[in-house]
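Source file: coords37.cif; contents: mmCIF, C-alpha atoms.
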data_input
#
loop_
_atom_site.label_atom_id
_atom_site.label_comp_id
_atom_site.auth_asym_id
_atom_site.auth_seq_id
_atom_site.Cartn_x
_atom_site.Cartn_y
_atom_site.Cartn_z
CA MET A 1 0.00 0.00 0.00
CA ILE A 2 1.48 3.29 -1.07
CA ASP A 3 1.17 6.16 1.35
CA PRO A 4 -1.25 8.68 -0.23
CA TYR A 5 1.02 11.50 0.94
CA VAL A 6 3.84 10.13 -1.25
CA ILE A 7 1.52 10.39 -4.27
CA LEU A 8 0.65 13.97 -3.26
CA ASP A 9 4.34 14.82 -2.87
CA LEU A 10 5.22 13.33 -6.24
CA LEU A 11 2.37 15.11 -8.03
CA LEU A 12 3.15 18.40 -6.31
CA GLY A 13 6.86 18.11 -7.15
CA LEU A 14 6.07 17.31 -10.81
CA ALA A 15 3.58 20.18 -11.02
CA VAL A 16 6.11 22.64 -9.57
CA VAL A 17 8.81 21.60 -12.07
CA ALA A 18 6.36 21.63 -14.99
CA LEU A 19 5.09 25.08 -14.04
CA ALA A 20 8.67 26.39 -13.75
CA ALA A 21 9.38 25.12 -17.27
CA ALA A 22 6.09 26.56 -18.54
CA VAL A 23 6.91 30.02 -17.10
CA LEU A 24 9.95 30.18 -19.38
CA THR A 25 8.46 28.54 -22.48
CA VAL A 26 4.92 29.96 -22.76
CA ARG A 27 4.83 32.63 -25.45
CA ASP A 28 2.55 35.22 -23.87
CA LEU A 29 4.25 37.19 -21.07
CA PHE A 30 0.98 37.75 -19.22
CA ALA A 31 0.45 33.98 -19.16
CA ALA A 32 4.05 33.53 -17.96
CA ILE A 33 3.40 35.82 -14.97
CA VAL A 34 0.13 34.08 -14.10
CA LEU A 35 1.88 30.69 -14.32
CA PHE A 36 4.61 32.08 -12.09
CA ILE A 37 1.99 33.02 -9.47
CA VAL A 38 0.53 29.50 -9.60
CA PHE A 39 4.08 28.12 -9.34
CA GLY A 40 4.71 30.21 -6.21
CA LEU A 41 1.49 29.10 -4.54
CA LEU A 42 2.20 25.42 -5.23
CA SER A 43 5.76 25.88 -3.89
CA ALA A 44 4.24 27.33 -0.72
CA LEU A 45 2.02 24.24 -0.50
CA ALA A 46 5.10 22.01 -0.88
CA TRP A 47 6.80 23.90 1.96
CA VAL A 48 3.78 23.27 4.17
CA ARG A 49 4.35 19.54 3.44
CA LEU A 50 7.96 20.05 4.59
CA ALA A 51 6.74 21.45 7.94
CA ALA A 52 7.78 25.02 7.12
CA PRO A 53 4.54 27.03 7.48
CA ASP A 54 6.38 30.32 8.18
CA VAL A 55 8.34 30.05 4.96
CA ALA A 56 5.19 29.05 3.08
CA LEU A 57 3.34 32.12 4.39
CA ALA A 58 6.23 34.41 3.42
CA GLU A 59 6.48 32.84 -0.06
CA ALA A 60 2.73 33.07 -0.66
CA ALA A 61 2.43 36.66 0.57
CA ILE A 62 5.73 38.26 -0.50
CA GLY A 63 7.38 35.94 -3.02
CA THR A 64 4.20 35.28 -4.97
CA GLY A 65 1.52 37.85 -4.16
CA LEU A 66 3.53 41.05 -4.05
CA THR A 67 6.09 39.93 -6.63
CA GLY A 68 3.22 38.98 -8.95
CA ALA A 69 1.66 42.42 -8.50
CA LEU A 70 5.02 44.08 -9.24
CA LEU A 71 5.48 41.96 -12.39
CA LEU A 72 1.97 42.66 -13.68
CA LYS A 73 2.38 46.39 -13.07
CA THR A 74 5.69 46.36 -14.95
CA LEU A 75 4.17 44.41 -17.85
CA HIS A 76 1.35 46.97 -18.04
CA HIS A 77 3.91 49.80 -18.10
CA LEU A 78 6.03 48.10 -20.78
CA ARG A 79 3.02 47.46 -23.00
CA TYR A 80 1.88 51.05 -22.53
CA VAL A 81 5.31 52.42 -23.47
CA THR A 82 5.65 50.20 -26.53
CA GLY A 83 2.06 50.85 -27.58
CA SER A 84 1.06 47.19 -27.47
CA LEU A 85 -1.42 47.64 -24.62
CA ASP A 86 -4.45 46.46 -26.58
CA ARG A 87 -2.72 43.51 -28.18
CA GLN A 88 -3.54 40.71 -25.78
CA ALA A 89 -0.87 38.30 -26.92
CA ALA A 90 2.11 40.61 -27.30
CA LEU A 91 4.85 38.02 -27.43
CA SER A 92 7.59 39.99 -25.77
CA VAL A 93 7.81 43.61 -24.83
CA THR A 94 11.50 44.29 -25.01
CA PRO A 95 13.27 44.37 -28.37
CA VAL A 96 14.66 40.93 -28.98
CA GLN A 97 18.20 40.63 -30.20
CA PRO A 98 18.58 36.96 -31.02
CA VAL A 99 21.24 35.22 -28.94
CA PRO A 100 23.50 33.05 -31.13
CA MET A 101 22.62 29.37 -30.90
CA ALA A 102 26.24 28.53 -29.98
CA VAL A 103 26.01 30.76 -26.90
CA ILE A 104 22.75 29.12 -25.87
CA TRP A 105 24.24 25.64 -26.21
CA VAL A 106 27.34 26.57 -24.21
CA ASN A 107 25.14 28.12 -21.51
CA ALA A 108 22.86 25.08 -21.43
CA ALA A 109 25.86 22.72 -21.14
CA PHE A 110 27.24 24.84 -18.31
CA CYS A 111 23.88 24.78 -16.52
CA GLY A 112 23.67 21.01 -16.98
CA LEU A 113 27.10 20.58 -15.36
CA VAL A 114 26.14 22.83 -12.44
CA THR A 115 22.90 20.90 -11.99
CA LEU A 116 24.65 17.54 -12.06
CA GLY A 117 27.10 18.77 -9.43
CA LEU A 118 24.28 20.09 -7.26
CA ALA A 119 22.30 16.86 -7.57
CA ALA A 120 25.36 14.76 -6.68
CA ALA A 121 26.07 16.98 -3.69
CA PHE A 122 22.45 16.82 -2.54
CA LEU A 123 22.12 13.05 -2.86
CA GLY A 124 25.52 12.52 -1.19
CA ALA A 125 24.90 14.90 1.70
CA PRO A 126 23.79 13.48 5.04
CA ARG A 127 20.08 14.01 5.59
CA ASN A 128 18.23 14.44 8.86
CA GLY A 129 21.66 15.43 10.06
CA PRO A 130 22.25 17.48 13.15
CA GLY A 131 21.67 21.10 12.30
CA PHE A 132 21.05 23.95 14.68
CA ASP A 133 17.90 22.30 16.15
CA ALA A 134 19.55 21.27 19.43
CA LEU A 135 21.24 24.64 19.93
CA VAL A 136 18.01 26.53 19.25
CA ALA A 137 15.97 24.23 21.50
CA GLU A 138 18.51 24.77 24.28
CA ALA A 139 18.44 28.56 23.93
CA MET A 140 14.65 28.88 23.51
CA PRO A 141 13.90 29.69 27.19
CA ALA A 142 16.23 32.71 26.95
CA SER A 143 14.60 34.06 23.77
CA GLY A 144 11.41 35.52 25.24
CA VAL A 145 9.14 33.96 22.59
CA GLU A 146 7.77 30.44 22.10
CA HIS A 147 8.06 30.08 18.32
CA PRO A 148 11.55 28.96 17.23
CA VAL A 149 11.54 30.73 13.83
CA THR A 150 10.59 34.04 15.45
CA ALA A 151 13.27 33.49 18.10
CA VAL A 152 15.89 32.94 15.37
CA LEU A 153 14.73 35.91 13.28
CA LEU A 154 14.31 38.49 16.05
CA ASN A 155 16.74 37.28 18.69
CA PHE A 156 19.46 34.77 17.81
CA ARG A 157 20.11 36.05 14.29
CA ALA A 158 18.67 39.55 14.67
CA TYR A 159 21.58 41.11 12.74
CA ASP A 160 20.38 39.27 9.61
CA THR A 161 16.89 40.60 10.08
CA LEU A 162 18.11 44.16 10.66
CA MET A 163 20.11 43.96 7.43
CA GLU A 164 17.04 42.57 5.66
CA VAL A 165 15.06 45.66 6.69
CA VAL A 166 17.99 47.80 5.49
CA VAL A 167 17.87 46.02 2.11
CA LEU A 168 14.17 46.88 1.77
CA LEU A 169 14.99 50.51 2.62
CA ALA A 170 17.80 50.55 0.04
CA ALA A 171 15.42 49.06 -2.57
CA VAL A 172 12.79 51.76 -2.11
CA ILE A 173 15.46 54.50 -2.25
CA ALA A 174 16.83 52.96 -5.47
CA VAL A 175 13.37 52.68 -7.05
CA TRP A 176 12.56 56.31 -6.28
CA GLN A 177 15.86 57.39 -7.84
CA ILE A 178 15.50 55.20 -10.93
CA GLU A 179 11.93 56.29 -11.63
CA ARG A 180 12.53 59.99 -11.07
CA GLY A 181 10.81 61.92 -13.84
CA LEU A 182 9.46 58.77 -15.50
CA SER A 183 5.99 59.21 -16.95
CA GLU A 184 3.47 56.79 -15.58
CA ALA A 185 1.24 54.44 -17.52
CA PRO A 186 -2.41 55.29 -16.81
CA ALA A 187 -3.92 52.76 -14.46
CA PRO A 188 -6.58 50.54 -16.00
CA ALA A 189 -10.14 51.52 -15.17
CA LEU A 190 -11.59 49.20 -12.55
CA GLY A 191 -15.28 48.42 -12.50
CA GLU A 192 -17.81 48.70 -9.70
CA VAL A 193 -17.40 45.08 -8.69
CA TRP A 194 -13.84 45.90 -7.82
CA ALA A 195 -14.81 48.82 -5.53
CA GLY A 196 -17.31 46.58 -3.72
CA PHE A 197 -14.69 43.87 -3.38
CA ALA A 198 -12.19 46.34 -1.92
CA ARG A 199 -14.76 47.58 0.63
CA LEU A 200 -15.53 44.03 1.74
CA VAL A 201 -12.01 42.69 1.82
CA LEU A 202 -10.02 45.65 3.22
CA PRO A 203 -11.15 45.29 6.87
CA ALA A 204 -10.59 41.53 6.67
CA ILE A 205 -7.01 41.98 5.38
CA VAL A 206 -6.21 44.46 8.16
CA VAL A 207 -7.40 41.95 10.77
CA ILE A 208 -5.49 39.05 9.14
CA GLY A 209 -2.27 41.07 8.89
CA THR A 210 -2.43 42.20 12.50
CA TYR A 211 -3.26 38.67 13.64
CA LEU A 212 -0.26 37.24 11.74
CA LEU A 213 1.99 39.78 13.45
CA TRP A 214 0.60 39.07 16.92
CA VAL A 215 0.55 35.28 16.64
CA GLY A 216 4.19 35.21 15.44
CA ALA A 217 5.44 35.00 19.04
CA GLU A 218 4.06 31.51 19.60
CA ALA A 219 2.96 30.14 16.20
CA PRO A 220 3.78 30.53 12.49
CA GLY A 221 3.47 34.16 11.41
CA GLY A 222 5.42 37.28 12.17
CA ALA A 223 6.52 40.70 11.04
CA PHE A 224 7.28 39.89 7.41
CA GLN A 225 4.16 37.88 6.72
CA GLY A 226 1.96 40.39 8.57
CA GLY A 227 3.69 43.31 6.85
CA ALA A 228 3.14 41.77 3.42
CA VAL A 229 -0.57 41.20 4.10
CA LEU A 230 -0.90 44.80 5.30
CA ALA A 231 0.96 45.94 2.16
CA ALA A 232 -1.87 44.29 0.20
CA VAL A 233 -4.16 46.86 1.85
CA GLY A 234 -1.94 49.58 0.39
CA LEU A 235 -2.07 47.92 -3.05
CA LEU A 236 -5.87 47.73 -2.97
CA LEU A 237 -6.12 51.37 -1.86
CA LEU A 238 -3.77 52.43 -4.67
CA LEU A 239 -5.51 50.32 -7.32
CA SER A 240 -9.02 51.40 -6.34
CA ARG A 241 -7.88 55.07 -6.15
CA LEU A 242 -9.23 55.30 -2.61
CA TYR A 243 -5.78 56.65 -1.82
CA VAL A 244 -3.83 58.76 -4.30
CA PRO A 245 -0.22 59.56 -3.30
CA ARG A 246 0.47 63.31 -3.25
CA PRO A 247 3.82 65.10 -3.18
CA ALA A 248 2.92 66.36 0.31
CA HIS A 249 2.83 62.75 1.57
CA ARG A 250 6.50 62.17 0.78
CA GLY A 251 7.66 63.18 4.26
CA VAL A 252 5.33 60.70 5.95
CA ALA A 253 6.34 57.99 3.48
CA ARG A 254 10.05 58.59 4.14
CA LEU A 255 9.39 58.43 7.87
CA GLY A 256 7.58 55.13 7.33
CA PHE A 257 10.49 53.71 5.30
CA VAL A 258 13.14 54.44 7.97
CA LEU A 259 10.91 53.77 10.99
CA GLY A 260 11.56 50.01 11.03
CA THR A 261 15.33 50.24 10.57
CA GLY A 262 15.57 53.11 13.05
CA ALA A 263 13.51 51.49 15.80
CA PHE A 264 15.23 48.11 15.31
CA ALA A 265 18.72 49.62 15.52
CA ALA A 266 17.74 51.88 18.44
CA VAL A 267 16.43 48.96 20.51
CA ALA A 268 19.51 46.88 19.64
CA LEU A 269 21.85 49.63 20.81
CA LEU A 270 19.81 50.69 23.86
CA VAL A 271 19.80 47.16 25.36
CA ALA A 272 23.59 47.09 25.05
CA GLY A 273 25.62 48.14 28.05
CA GLY A 274 25.89 46.76 31.56
CA GLY A 275 27.81 43.74 30.33
CA ARG A 276 25.36 43.05 27.47
CA VAL A 277 26.10 43.35 23.77
CA ALA A 278 23.78 44.74 21.09
CA PHE A 279 20.65 42.59 20.55
CA GLU A 280 21.09 40.86 23.91
CA TYR A 281 17.62 41.64 25.25
CA PRO A 282 17.17 41.45 29.03
CA LEU A 283 15.09 38.31 29.60
CA GLU A 284 12.25 39.90 31.55
CA HIS A 285 11.61 42.42 28.74
CA ALA A 286 12.54 40.19 25.80
CA LYS A 287 8.98 39.47 24.61
CA THR A 288 7.92 43.11 24.96
CA LEU A 289 10.97 44.31 23.02
CA ILE A 290 10.55 41.68 20.30
CA LEU A 291 6.87 42.55 19.86
CA LEU A 292 7.74 46.27 19.81
CA ILE A 293 10.37 45.72 17.10
CA GLU A 294 8.03 43.45 15.14
CA GLY A 295 5.17 45.93 15.33
CA VAL A 296 7.22 48.88 14.11
CA VAL A 297 8.99 46.78 11.46
CA THR A 298 5.62 45.47 10.21
CA ILE A 299 4.34 49.01 9.63
CA SER A 300 7.59 49.91 7.88
CA ILE A 301 7.52 46.77 5.70
CA ALA A 302 3.90 47.39 4.72
CA ILE A 303 4.60 51.01 3.70
CA THR A 304 7.83 50.07 1.89
CA LEU A 305 6.28 47.20 -0.08
CA ALA A 306 3.29 49.34 -1.09
CA ALA A 307 5.72 52.08 -2.19
CA LEU A 308 7.73 49.55 -4.21
CA PHE A 309 4.49 48.63 -5.98
CA HIS A 310 3.56 52.25 -6.62
CA GLY A 311 7.04 52.80 -8.05
CA ARG A 312 7.95 56.38 -8.68
CA GLU A 313 8.04 59.04 -6.04
CA PRO A 314 4.84 61.15 -6.06
CA VAL A 315 5.75 64.45 -7.67
CA ALA A 316 3.74 67.46 -8.71
CA LEU A 317 2.41 66.93 -12.22
CA SER A 318 4.13 69.14 -14.75
CA ALA A 319 2.01 71.10 -17.20
CA SER A 320 2.53 68.61 -20.02
CA GLU A 321 1.53 65.64 -17.89
CA THR A 322 -1.59 67.42 -16.66
CA ARG A 323 -2.57 68.05 -20.24
CA HIS A 324 -1.83 64.44 -21.07
CA ASP A 325 -4.19 63.25 -18.32
CA ALA A 326 -6.96 65.53 -19.54
CA MET B 1 10.39 7.86 -0.87
CA THR B 2 10.38 10.54 1.77
CA PRO B 3 9.33 14.15 1.15
CA ASP B 4 12.91 15.43 1.53
CA ILE B 5 14.15 13.40 -1.49
CA ILE B 6 11.15 14.29 -3.65
CA TYR B 7 11.24 18.02 -2.89
CA GLY B 8 15.04 18.16 -2.89
CA VAL B 9 15.10 16.87 -6.48
CA THR B 10 12.22 19.26 -7.29
CA GLY B 11 14.22 22.18 -5.90
CA ILE B 12 17.35 21.32 -7.87
CA ALA B 13 15.31 20.90 -11.08
CA VAL B 14 13.60 24.29 -10.52
CA PHE B 15 16.98 25.92 -9.83
CA ALA B 16 18.38 24.43 -13.04
CA ILE B 17 15.40 25.67 -15.07
CA GLY B 18 15.81 29.14 -13.56
CA LEU B 19 19.56 29.13 -14.30
CA VAL B 20 19.03 28.17 -17.94
CA GLY B 21 16.32 30.81 -18.27
CA ALA B 22 18.43 33.55 -16.71
CA LEU B 23 21.28 32.83 -19.12
CA CYS B 24 19.32 32.06 -22.28
CA ALA B 25 16.01 33.96 -22.13
CA GLN B 26 15.83 36.88 -24.53
CA ASP B 27 13.14 38.98 -22.91
CA ARG B 28 14.22 41.09 -19.91
CA LEU B 29 11.08 40.44 -17.91
CA ARG B 30 11.48 36.72 -18.46
CA ARG B 31 15.06 36.84 -17.20
CA VAL B 32 13.82 38.37 -13.96
CA LEU B 33 11.20 35.61 -13.76
CA ALA B 34 13.94 33.01 -14.32
CA LEU B 35 16.09 34.44 -11.51
CA LYS B 36 13.04 34.36 -9.26
CA LEU B 37 12.51 30.67 -10.16
CA ALA B 38 16.16 29.94 -9.28
CA SER B 39 15.71 31.63 -5.90
CA VAL B 40 12.65 29.49 -5.14
CA GLY B 41 14.64 26.40 -6.14
CA ALA B 42 17.39 27.37 -3.68
CA GLY B 43 14.69 27.91 -1.04
CA PHE B 44 13.42 24.37 -1.69
CA VAL B 45 16.86 22.88 -0.99
CA LEU B 46 17.25 24.89 2.24
CA VAL B 47 13.77 23.94 3.48
CA VAL B 48 14.54 20.30 2.67
CA ALA B 49 17.79 20.59 4.66
CA ALA B 50 15.74 21.78 7.64
CA TRP B 51 13.23 18.91 7.40
CA ARG B 52 13.38 16.14 10.00
CA ALA B 53 11.45 12.88 9.88
CA PRO B 54 8.27 13.40 11.94
CA PRO B 55 7.62 13.72 14.81
CA ALA B 56 10.90 15.65 15.17
CA ALA B 57 10.53 19.41 14.70
CA PRO B 58 12.36 20.99 11.75
CA ASP B 59 15.48 23.10 12.17
CA PRO B 60 14.33 26.75 12.45
CA VAL B 61 17.60 28.38 11.31
CA PRO B 62 17.30 27.51 7.56
CA HIS B 63 13.62 28.57 7.73
CA ALA B 64 14.69 32.01 8.98
CA LEU B 65 17.33 32.17 6.23
CA VAL B 66 14.76 31.39 3.53
CA ILE B 67 12.36 34.05 4.87
CA THR B 68 15.24 36.56 4.77
CA GLY B 69 16.01 35.40 1.24
CA ILE B 70 12.40 35.89 0.10
CA VAL B 71 12.37 39.48 1.40
CA VAL B 72 15.75 40.27 -0.16
CA MET B 73 14.53 38.75 -3.45
CA VAL B 74 11.42 40.93 -3.57
CA SER B 75 13.63 44.00 -2.98
CA ALA B 76 16.00 42.96 -5.77
CA THR B 77 13.05 42.19 -8.08
CA ALA B 78 11.52 45.60 -7.43
CA VAL B 79 14.78 47.37 -8.32
CA ALA B 80 15.29 45.17 -11.40
CA LEU B 81 11.75 45.89 -12.61
CA ALA B 82 12.21 49.63 -12.03
CA LEU B 83 15.39 49.48 -14.14
CA ILE B 84 13.50 47.62 -16.88
CA ARG B 85 10.70 50.22 -16.86
CA ARG B 86 13.23 53.05 -17.06
CA LEU B 87 15.22 51.37 -19.84
CA GLN B 88 12.07 50.72 -21.86
CA SER B 89 10.94 54.33 -21.51
CA LEU B 90 14.35 55.61 -22.60
CA GLU B 91 14.34 53.30 -25.63
CA ALA B 92 10.83 54.40 -26.56
CA GLU B 93 11.94 58.06 -26.35
CA ASP B 94 14.98 57.31 -28.53
CA ALA B 95 12.81 55.59 -31.09
CA GLU B 96 10.52 58.59 -31.44
#

Here is the file; what I need is its structure written in the form of structure tokens.
Amino acid sequence: MIDPYVILDLLLGLAVVALAAAVLTVRDLFAAIVLFIVFGLLSALAWVRLAAPDVALAEAAIGTGLTGALLLKTLHHLRYVTGSLDRQAALSVTPVQPVPMAVIWVNAAFCGLVTLGLAAAFLGAPRNGPGFDALVAEAMPASGVEHPVTAVLLNFRAYDTLMEVVVLLAAVIAVWQIERGLSEAPAPALGEVWAGFARLVLPAIVVIGTYLLWVGAEAPGGAFQGGAVLAAVGLLLLLSRLYVPRPAHRGVARLGFVLGTGAFAAVALLVAGGGRVAFEYPLEHAKTLILLIEGVVTISIAITLAALFHGREPVALSASETRHDA
Amino acid sequence: MTPDIIYGVTGIAVFAIGLVGALCAQDRLRRVLALKLASVGAGFVLVVAAWRAPPAAPDPVPHALVITGIVVMVSATAVALALIRRLQSLEAEDAE
């Protein structure tokens, strides 16, 4: 009797590989992005099977949801710029300079070698081997939270997480610089169904995002997953035009971008001293401090991700652009 | 057949597909998609490394690393897409 879960695993693994291949071979770019979103959701499902619900949540919310939104927005912009907006099956949007077949074959051979090496290394590596499980389990009582992944992210390896927030900050600064003065593709008109959907779903998303943040201390969830779900609120507000960014809002937005990094670094440095190093939270306040950092970082992540989706910095419309809109 | 073997091979296959795509794809947007596929493939291998045969709990450190990787990847993707949008606009202006 074959375990039904093995069949599920095999089918899921095959589907993930087939979808990955389809993303790169399907002709229509819009279809490629949609297939990529399906690929990401099935990968998240596979990670649930591997007992990694935190990673699955992050992949579904950030790696698939927000990345998918970014890709679709970019495709819309590219089709607008190249004037192929109304052609549904525009094959590719950037001018194609054919790569010589010889180069492709050399690249493919190189990739095959790399893959063979990786597969040999994976199959030869010890599995179920001792990792950091014992060390983490031993240190858990000193972490201030009950969920191991949150303890690793916000306590044991908090430097990584601080740098991760810094990377997000750097990304939004870079995007604002790159898109300075870039004209924006007009957003597609959304029907009434959409407005009703936004009204219904917005309060629910706010509750889910806050819950994910709060529950992160003892169960799967946390700042990044909660922040991504809250960023979806920003996306819906932007798409439904319930919120239109104005140049006057730039100050608040900048404050939101640096809030997470600033608060995280401030807490890390303030707990130092008296024989403690940075990030060594005093045990009796550890949970409070971790929740404080997570709360502030969540707000910052949500604002930053929504700003990454919106793209360019809100600037006053010049005369020509105003005329263009009218 | 345990899940770690099945998904480990899946992850390596997805990484390979992403690598080929990143090197051989001709469309810029598709290259970004290919890099994203490769990152998910790498995530698969790390999550598999963290897996322990039930009822043992998985190793949380690789999980935290993959979450960090996902957030860094979305930042990198956003910057790459902004560059593509800018490049396309510049080319369209040149063409006019």

Check your understanding: Taking the file as shown, what set of residues would the PyMOL selection byres ((chain A) within 6 of (chain B)) give back, as a count of residues only?
Key -> 15

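Counting from atom CA of A:Ala187, the distance to atom CA of A:Arg199 is 19.3 Å.
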
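Minimum distance to A:Ala232 across A:Leu19, A:Ala286, A:Leu212, A:Leu202 (counting only C-alpha atoms) occurs at A:Leu202.
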
Review point. Expressed in Å to a single decimal, how great is the separation between atom CA of A:Leu162 and atom CA of A:Ala228?
Key: 16.8 Å

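By all atoms listed in the file, and with residues fewer than 3 positions from stretch 48-54 of chain A along its chain excluded, the set lying at most 6 Å from it is Leu45, Leu57, Pro220 and Gly221 of chain A.
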
**Study point:** Expected selection from the PyMOL selection byres ((chain A and resi 67-76) around 8), given as a ChimeraX atom specification
**Key:** /A:29-30,33-34,36-37,62-66,77-80,85,93,185,308-309 /B:29,74,77-78,81-82,85

Exercise for review: Find, counting all atoms listed in the file, the residue in A:Ala219, A:Leu169, A:Leu292, A:Leu239 that gets nearest to A:Leu255.
Suggested key: A:Leu169

Practice item. Name the residues that the PyMOL selection byres ((chain A and resi 295) around 10) picks from the file above, as a VMD selection string, using the file's chain letters and numbers. Key: chain A and resid 210 213 to 214 222 to 223 226 to 227 260 289 to 294 296 to 301

Could you write out as AutoDock Vina command-line options the box around stretch 16-25 of chain B (axis-aligned, all atoms listed in the file, 8 Å on each side), with centre and edge lengths in Å to one decimal?
--center_x 18.3 --center_y 29.2 --center_z -17.7 --size_x 21.9 --size_y 25.5 --size_z 25.2

Practice item. Considering only C-alpha atoms, state which residue in the set A:Gly124, A:Phe224, A:Asp28, A:Ala278 is at the smallest distance from A:Ala58. Key: A:Phe224

Review point. To one decimal place, how far is atom CA of A:Val207 from atom CA of A:Leu259 in Å?
Key: 21.8 Å

Exercise for review: Around the point (11.4, 34.8, 21.5), in the coordinates given by the file, pick out the residues reaching within 12 Å, counting all atoms listed in the file, and return them as a PyMOL selection string.
Suggested key: chain A and resi 136-137+139-158+215-219+222+280-291+293-294

For A:Leu238, work out the shell of residues within 10 Å, counting all atoms listed in the file and skipping chain neighbours fewer than 4 positions away, then give it as a PDB file with C-alpha atoms, in the coordinates of the input.
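Saved as selection_2.pdb:
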ATOM      1  CA  ALA A 187      -3.920  52.760 -14.460  1.00  0.00           C
ATOM      2  CA  ALA A 232      -1.870  44.290   0.200  1.00  0.00           C
ATOM      3  CA  VAL A 233      -4.160  46.860   1.850  1.00  0.00           C
ATOM      4  CA  GLY A 234      -1.940  49.580   0.390  1.00  0.00           C
ATOM      5  CA  LEU A 242      -9.230  55.300  -2.610  1.00  0.00           C
ATOM      6  CA  TYR A 243      -5.780  56.650  -1.820  1.00  0.00           C
ATOM      7  CA  VAL A 244      -3.830  58.760  -4.300  1.00  0.00           C
ATOM      8  CA  PRO A 245      -0.220  59.560  -3.300  1.00  0.00           C
ATOM      9  CA  ALA A 306       3.290  49.340  -1.090  1.00  0.00           C
ATOM     10  CA  ALA A 307       5.720  52.080  -2.190  1.00  0.00           C
ATOM     11  CA  PHE A 309       4.490  48.630  -5.980  1.00  0.00           C
ATOM     12  CA  HIS A 310       3.560  52.250  -6.620  1.00  0.00           C
TER      13      HIS A 310
END

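Shortest separation to A:Leu41 among A:Leu24, A:Val315, A:Ala198, A:Val16 occurs at residue A:Val16, atoms counted being all atoms listed in the file.
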
Filtering to all heavy atoms, could stretch 35-39 of chain B of the supplied structure be written out as an mmCIF file, in the first residue's frame?
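Final file, out25.cif:
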data_model
loop_
_atom_site.group_PDB
_atom_site.id
_atom_site.type_symbol
_atom_site.label_atom_id
_atom_site.label_comp_id
_atom_site.auth_asym_id
_atom_site.auth_seq_id
_atom_site.Cartn_x
_atom_site.Cartn_y
_atom_site.Cartn_z
ATOM 1 N N LEU B 35 15.306 34.285 -12.743
ATOM 2 C CA LEU B 35 16.091 34.438 -11.511
ATOM 3 C C LEU B 35 15.230 34.151 -10.295
ATOM 4 O O LEU B 35 15.671 33.543 -9.314
ATOM 5 C CB LEU B 35 16.655 35.860 -11.423
ATOM 6 C CG LEU B 35 17.887 36.104 -12.276
ATOM 7 C CD1 LEU B 35 18.300 37.561 -12.192
ATOM 8 C CD2 LEU B 35 19.033 35.223 -11.799
ATOM 9 N N LYS B 36 13.977 34.591 -10.361
ATOM 10 C CA LYS B 36 13.039 34.362 -9.259
ATOM 11 C C LYS B 36 12.806 32.848 -9.088
ATOM 12 O O LYS B 36 12.785 32.339 -7.965
ATOM 13 C CB LYS B 36 11.765 35.126 -9.601
ATOM 14 C CG LYS B 36 10.662 35.136 -8.623
ATOM 15 C CD LYS B 36 10.991 35.804 -7.318
ATOM 16 C CE LYS B 36 10.126 35.096 -6.316
ATOM 17 N NZ LYS B 36 10.387 35.315 -4.963
ATOM 18 N N LEU B 37 12.669 32.132 -10.221
ATOM 19 C CA LEU B 37 12.515 30.667 -10.161
ATOM 20 C C LEU B 37 13.733 30.051 -9.481
ATOM 21 O O LEU B 37 13.602 29.170 -8.617
ATOM 22 C CB LEU B 37 12.374 30.077 -11.571
ATOM 23 C CG LEU B 37 11.094 30.333 -12.345
ATOM 24 C CD1 LEU B 37 11.175 29.641 -13.690
ATOM 25 C CD2 LEU B 37 9.895 29.845 -11.579
ATOM 26 N N ALA B 38 14.945 30.510 -9.868
ATOM 27 C CA ALA B 38 16.158 29.943 -9.283
ATOM 28 C C ALA B 38 16.172 30.178 -7.771
ATOM 29 O O ALA B 38 16.586 29.302 -6.998
ATOM 30 C CB ALA B 38 17.390 30.566 -9.943
ATOM 31 N N SER B 39 15.696 31.349 -7.338
ATOM 32 C CA SER B 39 15.706 31.625 -5.897
ATOM 33 C C SER B 39 14.740 30.710 -5.166
ATOM 34 O O SER B 39 15.024 30.256 -4.048
ATOM 35 C CB SER B 39 15.382 33.094 -5.639
ATOM 36 O OG SER B 39 14.003 33.299 -5.526
#
